[in-house]
Each structure stands twice: as structure tokens, then as C-alpha cells.
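A short write-up of the structure that comes next.
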Protein chains: 2
Amino acid sequence: MSSSSVTIKDIAKMLGISKSTVSRALSEHTDVNAETRQRVIEVARKLNYAPNTIALNLKQQRTNIIGVIIPETVNRFFAKAIGGIQRIANLAGYNVMICQSDESSTTEKNNLQSLIAAHVDGVIISVSSETDHTDHFDALLQRNIPVVFFDRISESLQTSQVVTDNYEIAFEGTEHLIAQGRNKIAIVAGPLNLYVSKHRFQGYADALKKHNLPLRDEYIIHSNFHNSDIEAYTKQLINLPERPDAVFAINDYAAIEMMYHFKKHGIRIPEDIAMLGFNNENICKFVEPPLSSIELSSYDLGTTAAELLLRQIKGSRELEKKLVKSKLVIRESTAGKKS
Amino acid sequence: MSSSSVTIKDIAKMLGISKSTVSRALSEHTDVNAETRQRVIEVARKLNYAPNTIALNLKQQRTNIIGVIIPETVNRFFAKAIGGIQRIANLAGYNVMICQSDESSTTEKNNLQSLIAAHVDGVIISVSSETDHTDHFDALLQRNIPVVFFDRISESLQTSQVVTDNYEIAFEGTEHLIAQGRNKIAIVAGPLNLYVSKHRFQGYADALKKHNLPLRDEYIIHSNFHNSDIEAYTKQLINLPERPDAVFAINDYAAIEMMYHFKKHGIRIPEDIAMLGFNNENICKFVEPPLSSIELSSYDLGTTAAELLLRQIKGSRELEKKLVKSKLVIRESTAGKKS
DNA sequence: ATGAAAGCGCTAACAC
DNA sequence: GTGTTAGCGCTTTCAT
């Protein structure tokens with residue numbers, strides 16, 4: 001309480017001048033006698049004065065806070081994106097308020113309410129895997145709150161967005177597997193209501209088609225991002241009459257767990273089955289065999305999203321769509337087939 | 001702008017009554033004519049009225065925001081802790097503002113300034129590994145801002161804190177290795193200015209002493225949490241005249257990377273060297289061999305810290321110190337020595 | 001160049 | 001039970 005409760009009023013009283021003069025002296029850009037200003041600044045420093053942000057907020061009707069809604073912080077992809085967002089936001093003098101939807105549509109809705117109530121100046125969102133309708137985001141548009149979607153975007157909403165080249169990279173990854181002599185490629189796909197999963201799946205499917213490989217239902221596994229059933233899915237694949245010779249997994253953890261179960265069953269990686277992951281976690285380098293994966297620059301996704309949002313907050317009404325490139329990182333798990 | 005700019009003044013005008021009556025009608029607990037209240041509530045709903053939080057904040061001089069400073073969100077330990085903090089905070093109607101120090105003392109200082117400027121109602125902190133003096137935290141105490149440290153606490157400051165049983169669990173882990181027939185146990189320790197590292201190291205050292213094993217300098221590796229030099233450290237251990245027969249690592253990622261390098265050199269785990277990690281990441285189950293580790297309940301650490309903080313925000317002046325128990329999870333990487 | 005006063009949206013002490 | 005008024009800390013016309 002002590003030092004924080006110093007107000008311009010105190011300074012004014014102390015110097016026998018008015019609040020307004022103090023305010024002006026402190027805010028640089030209005031005419032005020034150089035000497036007066038000097039004295040004000042001196043006293044302000046001595047009293048350890050700091051302007052009351054809340055009062056400023058009320059006056060200006062903004063908070064300098066950017067709201068963020070992501071599925072989970074424990075998901076490394078989003079943890080990194082947060083880092084990117086914070087970096088840009090902080091540089092611009094904004095704080096960041098993070099909410100987790102926990103992949104639940106209901107929680108997402110509540111998060112949104114909290115952020116609106118907190119009067120954030122803008123919101124960055126990556127939708128939960130459960131979200132299939134996006135009406136609740138309308139609340140933002142109605143209030144003219146700037147919003148940017150990233151990675152898991154809402155296609156039905158007219159907003160700025162930042163995505164990765166999901167389709168292209170999935171296509172490339174699948175082609176890589178084919179080039180390694182694989183022609184029975186299974187995929188662990190995410191929920192298809194999600195923008196990212198849908199496009200990745202499409203890239204996979206189109207690559208198969210281009211190379212005249214059939215798209216087989218039994219090779220398509222619809223997993224969530226929680227990897228709770230990987231063991232069961234692995235057994236399912238193992239027991240197939242025509243066992244796949246490659247698996248393209250939704251994320252590295254799923255891939256690593258699958259490898260573990262495959263190896264338990266005496267299946268060799270990559271000789272029998274090649275494995276390709278998604279995210280390029282550090283751990284990929286140190287599993288056996290080292291896991292090929294797709295490097296998503298989630299940090300860049302975050303910085304880009306923050307930049308777009310700030311531009312909108314500053315008044316731009318232009319809706320921008322940005323693409324952040326990802327890249328295939330090849331390791332032993334997708335080495336060529338020994339035939 | 002449209003629907004958000006409805007104020008009690010608008011409602012008052014519309015009903016031909018005063019602002020205060022509207023305020024009272026909306027805030028339940030004051031006497032106000034039942035019929036008036038009914039009409040106010042009705043109009044409020046029709047106009048989609050939402051109170052302006054900023055004005056409330058100014059009035060009450062609080063923000064309902066809890067500030068959090070942690071080293072990194074990409075660190076799963078902290079990502080989980082955030083989850084715990086948010087859960088408790090949200091239930092109590094608080095928002096959470098997260099800052100990352102990136103393990104830098106300077107950034108930590110800036111984070112603190114931001115949070116103070118944002119007038120957060122309280123702060124939860126886990127200090128950066130670089131921080132060895134804690135003067136900058138005094139700013140909080142001076143302003144009577146409630147603060148709780150967790151995991152990486154500041155011992156010199158009189159505040160509430162939540163820690164794990166670092167000493168005990170490190171002691172237990174080391175004894176476990178000894179029980180498996182290991183007597184040349186190396187440790188990958190963190191920076192010793194950190195509370196956690198110091199106590200874990202002490203547990204390790206005391207366990208050795210209890211069993212009459214020497215504490216050998218060449219078995220002690222001081223790593224940071226970034227695992228940037230694990231390969232070099234591993235080689236160092238391998239080239240020792242008396243190679244260790246067990247390694248207790250600061251975290252699972254370091255342990256897994258070490259295993260990888262050991263195996264590259266033809267060293268068998270656990271036959272030649274046993275490995276024990278820290279954090280019990282999901283991945284532990286799926287590496288080869290599955291990695292024994294120590295399960296830290298970081299989520300619980302987070303919830304407990306948030307509970308303590310809220311209690312202080314509500315006015316409690318009691319400084320509490322809480323302990324969250326961790327537990328040893330034994331897997332194959334620390335199986336008994338084949339002698 | 002400076003002071004007085006209004007107002008951002010809300011609550012609460014004080015009248016009646 | 002309801003209206004009037006003041007005030008939270010600050011900025012910003014409008015006078016002077």
C-alpha cells in the first residue's frame with residue numbers, strides 16, 4: 001500500500017500546483033514550463049510515483065491485455081506458441097492472459113466470457129478439438145474485439161488467421177514414405193472437425209492418390225490428441241491381414257508409443273514399419289530409432305498471430321491470412337525399406 | 001462496441017430511475033423494491049448489459065487477476081503447475097496472467113514490474129535458475145502484494161511457499177540405486193543456487209554417506225535445465241577411469257539423452273549403468289529401457305500455491321509452508337545389477 | 001503555462 | 001425504497 005498509493009494529487013499538493021499540471025508534466029507532450037516539469041518529475045521520483053493503470057484503463061477503455069485461448073499449456077506445441085505471443089506482446093507493452101480450454105468446448109466458452117469481462121484488447125485463439133460450431137466466437141465480433149485464430153482456426157468465421165501448410169507438409173511426408181518404398185501407409189489422424197487434422201488428412205490422401213495407392217479404411221485411425229488408446233490402435237494395426245509398412249502419426253508422442261508397442265511385438269523399425277511423427281520434439285533424436293518428424297514452427301505461429309492482432313488493435317481493419325512453413329526432418333525411423 | 005457499451009446509466013434513463021437504484025437492484029444484497037428490481041433485471045437482460053469490470057476495478061482497487069512468474073511454459077513441470085493454478089483461480093473468479101522469465105533474472109525483474117503495474121491482486125513465483133539475489137521481490141512485500149513461491153522458492157524471503165520433498169525423494173532415489181547394487185553413482189545436478197537443486201543434491205550426498213559411499217567430484221555434473229551439453233557430459237563420464245554404474249539425472253530428458261549416448265557407446269542400461277530420471281514424463285514408459293523416475297505432482301503444487309495465495313488475498317496474514325509429496329516410480333532402467 | 005471542472009462506470013454514505 | 005452526491009485516479013477540454 002505505502003508507496004503504491006502515491007497519486008498525482010499527492011504530488012500536486014506537495015508542490016502547490018494542480019493535478020492537471022502534474023498530469024501534463026508527466027505525460028511529456030503538452031506545453032508545460034520546463035522548470036515546473038523538472039520539479040514534478042523530481043518529486044514523482046522521490047515519492048516513487050507510478051501511475052495507476054486501472055484509472056488509465058477506465059479513462060481509455062482499454063487494458064493493454066491480450067487474451068489467449070489454447071487447448072492446453074502442457075502441449076508443447078502451444079507452450080511454444082505462447083512464448084512467441086508473449087515476446088511480441090511484451091515488446092509492445094501488452095500483457096498476456098492465458099486460458100486453457102482443456103479441449104472442451106464448454107470451457108472454451110467460459111474462457112471467452114472471462115476474457116470479454118476482463119476487457120482484453122484482443123484475443124488469440126486456437127480452438128479446442130471438441131469445438132464444431134463456432135457461434136460463441138460471434139460475441140467477439142459483435143463487440144468489435146480484434147481476434148486472430150492460429151493453427152486450429154475456425155473456417156466459418158471471417159477473421160485474421162495464421163496457419164501452417166498442413167496439407168502440403170502432410171503430402172510431402174506421405175510422399176517421403178512412398179519414396180522409401182512403402183505402399184501400405186497407415187495414418188493416425190486427429191478429429192476431422194479440426195482444421196489441421198482435416199487438411200493433413202487430405203494431404204495424405206492426395207499423395208496416395210497421386211501415386212495410385214488405395215486409401216484404405218483399415219489404415220485410418222481417428223485418435224484424439226491425448227494418445228489414450230495408442231496401445232489398442234497399435235494392436236489393431238498389427239492384427240490386420242495386411243499389416244501396414246509405415247505409419248504417419250498425428251504427433252511424436254503417439255509415434256513413440258507406437259514404436260514401443262511394435263518393438264514389443266518383434267516388429268522392427270524401420271525395416272518392417274517406418275514411422276513418421278509430427279512436431280519434431282527434442283526427444284525424437286534420442287529414441288530408438290531416431291524418429292523422423294515434421295517441424296512445426298509454433299513459436300513463429302505465435303509471433304505472427306500476435307503481430308496480426310496488434311495491427312488490428314492499432315486500428316487496421318484488414319483481415320490477413322498468414323502461412324507459416326513447416327519442414328520434414330528425416331531420421332532413421334523412415335529409412336528405406338530393405339527388400 | 002455496440003452491446004458492450006450499455007451502462008447502468010442507460011438502464012436508469014430507460015426506466016426513469018436513478019443509477020444507484022439500478023446498481024442496487026443488480027447487486028442483490030441491498031433493499032430495493034421487488035418490482036423495481038424485476039424491471040431493472042429485465043431491461044438489463046434485454047440490453048445485454050454487462051458491468052464494466054474496469055470501473056469496478058478502479059472503485060475497489062483490485063483486478064481479480066493473479067500474476068504468475070515461471071521460468072518457462074515449455075517446461076512440462078511448469079505447464080502442469082499452470083493448469084493447477086488456473087483451475088483454482090478460475091473457480092474463485094480470478095483470471096491468471098502468466099509471465100515467463102526464460103530463466104533470466106533480468107526478465108524476471110521486468111515481469112515483476114509488469115505485474116505490479118497491472119495491479120494484480122497477488123503473485124505466484126518460481127524463480128529463474130539465474131536468480132541468486134532476491135531484492136527485486138521486495139517490491140511486492142513493500143506494496144503488501146500477497147505472494148507465494150512454489151518449487152523454486154526464495155529462502156531469504158519471508159513468504160508463503162509450496163515445495164516438494166526434494167531432499168527426501170533424492171535420498172530415497174539414491175538409496176534405491178544403492179539397493180540395486182550400485183555403488184558408483186553419478187548425479188546430474190542443477191545449479192546449486194537453486195533451492196530445489198541444492199536440496200536434491202544434499203539428499204543424494206547424505207544417502208551416499210549413510211551407506212559409506214564416497215562423494216566423488218568426478219561423479220557430480222552441474223548442468224542447467226536446458227540439457228545443452230548432455231552429450232559432452234556423457235562422454236566425460238564414459239571416459240572416467242572408474243566409470244559410474246548409475247546416474248541420477250536432473251530430469252527425464254537429460255536421462256533419456258544420456259541413455260541414448262551410452263547405448264551408442266555399447267554401454268548397456270541397466271546392466272552396466274542404471275538410470276534414474278526426474279519428473280516422470282509420459283515418455284518414460286516408452287523409451288528403452290523404460291526409465292525409472294520421480295513423479296512430482298506439479299499440478300498439485302500449482303493448486304496448493306493458488307489456494308495459499310487466495311487465502312492471503314482474502315486477508316489472511318499467516319505465512320504458510322506446504323509440502324507436496326513426490327514418489328519414486330521404478331521401471332527397468334534401474335533393475336538390479338547383474339553381478 | 002496553468003487551473004477548474006467534467007467525465008470514464010461504478011459503488012456507497014448520506015439524505016429523505 | 002430511492003435519489004443525490006462524492007469519489008476511485010487519471011486525462012482533457014475549456015477558460016484564463
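Following the order of the C-alpha cells, first chain is A, next is B, and so on, with residues numbered from 1 inside each chain and ligands from 1 in the order they appear.
Every protein, DNA or RNA residue with an atom at most 9 Å from range 4-7 of chain D, where only C-alpha atoms (C1' of nucleotides) count and chain neighbours fewer than 2 positions away do not, is listed here: Lys59 of chain B; DA13, DC14 and DA15 of chain C.
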I'd like to know which residues of range 45-232 of chain B are strand (DSSP E) (by DSSP, run on the backbone); could you write them as a PDB file with N, CA and C atoms, in the first residue's frame?
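New file result.pdb:
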```
ATOM      1  N   ILE B  65      -7.050 -10.389 -10.814  1.00  0.00           N
ATOM      2  CA  ILE B  65      -6.050 -11.067 -11.626  1.00  0.00           C
ATOM      3  C   ILE B  65      -4.930 -11.577 -10.723  1.00  0.00           C
ATOM      4  N   ILE B  66      -4.543 -12.823 -10.948  1.00  0.00           N
ATOM      5  CA  ILE B  66      -3.397 -13.380 -10.254  1.00  0.00           C
ATOM      6  C   ILE B  66      -2.227 -13.436 -11.223  1.00  0.00           C
ATOM      7  N   GLY B  67      -1.108 -12.893 -10.812  1.00  0.00           N
ATOM      8  CA  GLY B  67       0.081 -12.930 -11.659  1.00  0.00           C
ATOM      9  C   GLY B  67       0.912 -14.170 -11.377  1.00  0.00           C
ATOM     10  N   VAL B  68       1.524 -14.704 -12.408  1.00  0.00           N
ATOM     11  CA  VAL B  68       2.369 -15.886 -12.239  1.00  0.00           C
ATOM     12  C   VAL B  68       3.691 -15.647 -12.968  1.00  0.00           C
ATOM     13  N   ILE B  69       4.785 -15.904 -12.288  1.00  0.00           N
ATOM     14  CA  ILE B  69       6.086 -15.836 -12.969  1.00  0.00           C
ATOM     15  C   ILE B  69       6.763 -17.192 -12.863  1.00  0.00           C
ATOM     16  N   ILE B  70       6.985 -17.798 -13.996  1.00  0.00           N
ATOM     17  CA  ILE B  70       7.658 -19.093 -14.039  1.00  0.00           C
ATOM     18  C   ILE B  70       8.787 -19.027 -15.054  1.00  0.00           C
ATOM     19  N   ASN B  95      -8.727 -14.308 -12.878  1.00  0.00           N
ATOM     20  CA  ASN B  95      -8.001 -14.598 -14.096  1.00  0.00           C
ATOM     21  C   ASN B  95      -6.526 -14.723 -13.764  1.00  0.00           C
ATOM     22  N   VAL B  96      -5.788 -15.317 -14.685  1.00  0.00           N
ATOM     23  CA  VAL B  96      -4.376 -15.566 -14.436  1.00  0.00           C
ATOM     24  C   VAL B  96      -3.524 -14.919 -15.524  1.00  0.00           C
ATOM     25  N   MET B  97      -2.544 -14.153 -15.104  1.00  0.00           N
ATOM     26  CA  MET B  97      -1.641 -13.522 -16.062  1.00  0.00           C
ATOM     27  C   MET B  97      -0.265 -14.156 -15.910  1.00  0.00           C
ATOM     28  N   ILE B  98       0.178 -14.821 -16.978  1.00  0.00           N
ATOM     29  CA  ILE B  98       1.403 -15.600 -16.878  1.00  0.00           C
ATOM     30  C   ILE B  98       2.579 -14.896 -17.537  1.00  0.00           C
ATOM     31  N   CYS B  99       3.700 -14.866 -16.842  1.00  0.00           N
ATOM     32  CA  CYS B  99       4.926 -14.327 -17.417  1.00  0.00           C
ATOM     33  C   CYS B  99       6.010 -15.392 -17.363  1.00  0.00           C
ATOM     34  N   GLN B 100       6.877 -15.397 -18.364  1.00  0.00           N
ATOM     35  CA  GLN B 100       7.997 -16.322 -18.375  1.00  0.00           C
ATOM     36  C   GLN B 100       9.291 -15.555 -18.167  1.00  0.00           C
ATOM     37  N   GLY B 122      -2.259 -10.569  -6.558  1.00  0.00           N
ATOM     38  CA  GLY B 122      -1.304 -11.431  -5.876  1.00  0.00           C
ATOM     39  C   GLY B 122      -0.412 -12.088  -6.908  1.00  0.00           C
ATOM     40  N   VAL B 123       0.717 -12.630  -6.449  1.00  0.00           N
ATOM     41  CA  VAL B 123       1.660 -13.203  -7.402  1.00  0.00           C
ATOM     42  C   VAL B 123       2.158 -14.565  -6.932  1.00  0.00           C
ATOM     43  N   ILE B 124       2.252 -15.488  -7.869  1.00  0.00           N
ATOM     44  CA  ILE B 124       2.826 -16.803  -7.611  1.00  0.00           C
ATOM     45  C   ILE B 124       4.119 -16.910  -8.412  1.00  0.00           C
ATOM     46  N   ILE B 125       5.195 -17.289  -7.739  1.00  0.00           N
ATOM     47  CA  ILE B 125       6.505 -17.249  -8.399  1.00  0.00           C
ATOM     48  C   ILE B 125       7.292 -18.539  -8.217  1.00  0.00           C
ATOM     49  N   VAL B 147       2.075 -12.840  -1.943  1.00  0.00           N
ATOM     50  CA  VAL B 147       2.941 -13.594  -2.839  1.00  0.00           C
ATOM     51  C   VAL B 147       3.185 -15.000  -2.287  1.00  0.00           C
ATOM     52  N   VAL B 148       3.215 -15.955  -3.172  1.00  0.00           N
ATOM     53  CA  VAL B 148       3.516 -17.336  -2.806  1.00  0.00           C
ATOM     54  C   VAL B 148       4.603 -17.857  -3.737  1.00  0.00           C
ATOM     55  N   PHE B 149       5.636 -18.408  -3.186  1.00  0.00           N
ATOM     56  CA  PHE B 149       6.654 -19.049  -4.006  1.00  0.00           C
ATOM     57  C   PHE B 149       6.370 -20.546  -4.062  1.00  0.00           C
ATOM     58  N   PHE B 150       6.663 -21.143  -5.196  1.00  0.00           N
ATOM     59  CA  PHE B 150       6.496 -22.603  -5.254  1.00  0.00           C
ATOM     60  C   PHE B 150       7.669 -23.250  -5.966  1.00  0.00           C
ATOM     61  N   SER B 160       4.776 -17.117   2.023  1.00  0.00           N
ATOM     62  CA  SER B 160       4.207 -18.457   1.943  1.00  0.00           C
ATOM     63  C   SER B 160       4.906 -19.211   0.821  1.00  0.00           C
ATOM     64  N   GLN B 161       4.995 -20.502   0.977  1.00  0.00           N
ATOM     65  CA  GLN B 161       5.678 -21.274  -0.052  1.00  0.00           C
ATOM     66  C   GLN B 161       5.198 -22.715  -0.118  1.00  0.00           C
ATOM     67  N   VAL B 162       5.312 -23.267  -1.314  1.00  0.00           N
ATOM     68  CA  VAL B 162       4.943 -24.660  -1.533  1.00  0.00           C
ATOM     69  C   VAL B 162       6.116 -25.370  -2.198  1.00  0.00           C
ATOM     70  N   VAL B 163       6.564 -26.419  -1.587  1.00  0.00           N
ATOM     71  CA  VAL B 163       7.708 -27.138  -2.155  1.00  0.00           C
ATOM     72  C   VAL B 163       7.437 -28.633  -2.184  1.00  0.00           C
ATOM     73  N   THR B 164       8.276 -29.337  -2.918  1.00  0.00           N
ATOM     74  CA  THR B 164       8.218 -30.791  -2.861  1.00  0.00           C
ATOM     75  C   THR B 164       9.284 -31.278  -1.888  1.00  0.00           C
ATOM     76  N   ILE B 185      27.689 -43.991  -8.045  1.00  0.00           N
ATOM     77  CA  ILE B 185      26.511 -43.276  -8.546  1.00  0.00           C
ATOM     78  C   ILE B 185      26.824 -41.829  -8.903  1.00  0.00           C
ATOM     79  N   ALA B 186      26.684 -41.513 -10.171  1.00  0.00           N
ATOM     80  CA  ALA B 186      26.888 -40.132 -10.612  1.00  0.00           C
ATOM     81  C   ALA B 186      25.573 -39.365 -10.515  1.00  0.00           C
ATOM     82  N   ILE B 187      25.690 -38.042 -10.449  1.00  0.00           N
ATOM     83  CA  ILE B 187      24.474 -37.236 -10.407  1.00  0.00           C
ATOM     84  C   ILE B 187      24.585 -36.078 -11.401  1.00  0.00           C
ATOM     85  N   VAL B 188      23.528 -35.863 -12.140  1.00  0.00           N
ATOM     86  CA  VAL B 188      23.451 -34.658 -12.962  1.00  0.00           C
ATOM     87  C   VAL B 188      22.614 -33.682 -12.154  1.00  0.00           C
ATOM     88  N   ALA B 189      23.297 -32.745 -11.530  1.00  0.00           N
ATOM     89  CA  ALA B 189      22.622 -31.831 -10.610  1.00  0.00           C
ATOM     90  C   ALA B 189      22.349 -30.505 -11.293  1.00  0.00           C
ATOM     91  N   ILE B 220      29.979 -35.719 -10.130  1.00  0.00           N
ATOM     92  CA  ILE B 220      28.986 -34.653  -9.970  1.00  0.00           C
ATOM     93  C   ILE B 220      29.013 -33.719 -11.166  1.00  0.00           C
ATOM     94  N   ILE B 221      27.906 -33.666 -11.871  1.00  0.00           N
ATOM     95  CA  ILE B 221      27.827 -32.812 -13.050  1.00  0.00           C
ATOM     96  C   ILE B 221      26.840 -31.688 -12.784  1.00  0.00           C
ATOM     97  N   HIS B 222      27.325 -30.468 -12.994  1.00  0.00           N
ATOM     98  CA  HIS B 222      26.434 -29.328 -12.782  1.00  0.00           C
ATOM     99  C   HIS B 222      25.888 -28.853 -14.100  1.00  0.00           C
TER     100      HIS B 222
END
```
(request) With a distance threshold of 7 Å and counting only C-alpha atoms, extract the residues of chain B near chain A and express them as a PyMOL selection string. (result) chain B and resi 1-4+53-55+57-58+73-74+76+79-80+96-98+117-118+143-144+256-257+260+286-287
(request) Using DSSP on the backbone, list every residue of range 40-285 of chain A that comes out as helix (DSSP H, G or I), and give them as a PyMOL selection string. (result) chain A and resi 40-46+53-60+76-91+105-117+135-142+166-179+195-210+217-219+230-238+252-264+282-285
(request) May I have the residues of chain A within 8 Å of chain C, counting only C-alpha atoms (C1' of nucleotides), written as a PyMOL selection string? (result) chain A and resi 18+20-21+31-33+58-61
Selection export as a tab-separated table (two decimals), in the first residue's frame, atoms kept: C-alpha atoms:
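Writing the result to result.tsv gives the following:
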```tsv
chain	number	residue	atom	x	y	z
A	18	SER	CA	-2.91	21.47	-9.80
A	20	SER	CA	-3.71	18.73	-14.39
A	21	THR	CA	-0.31	20.34	-14.47
A	31	ASP	CA	3.24	22.54	-23.12
A	32	VAL	CA	4.37	22.98	-19.58
A	33	ASN	CA	7.01	25.17	-18.07
A	58	LEU	CA	-11.08	3.24	-17.27
A	59	LYS	CA	-10.28	6.52	-18.94
A	60	GLN	CA	-9.13	4.98	-22.17
A	61	GLN	CA	-11.40	1.98	-22.13
```
How close does each residue of chain D get to chain A, giving the shortest atom pair and distance in Å to one decimal for every residue with an atom at most 10 Å away, counting only C-alpha atoms (C1' of nucleotides), sorted by chain and residue number, as a Markdown table?
```
| residue | atom | partner | partner_atom | distance |
| --- | --- | --- | --- | --- |
| D:DC8 | C1' | A:Ala55 | CA | 8.0 |
| D:DG9 | C1' | A:Ala55 | CA | 5.0 |
| D:DC10 | C1' | A:Ala55 | CA | 5.5 |
| D:DT11 | C1' | A:Lys59 | CA | 7.2 |
| D:DT12 | C1' | A:Ser20 | CA | 8.8 |
```
(request) Within 9 Å of Val40 in chain A, counting only C-alpha atoms (C1' of nucleotides), which residues show up once you throw out same-chain ones fewer than 6 positions away? Write them as number ranges by chain, please. (result) A: 11-12, 15, 21-22, 25-26
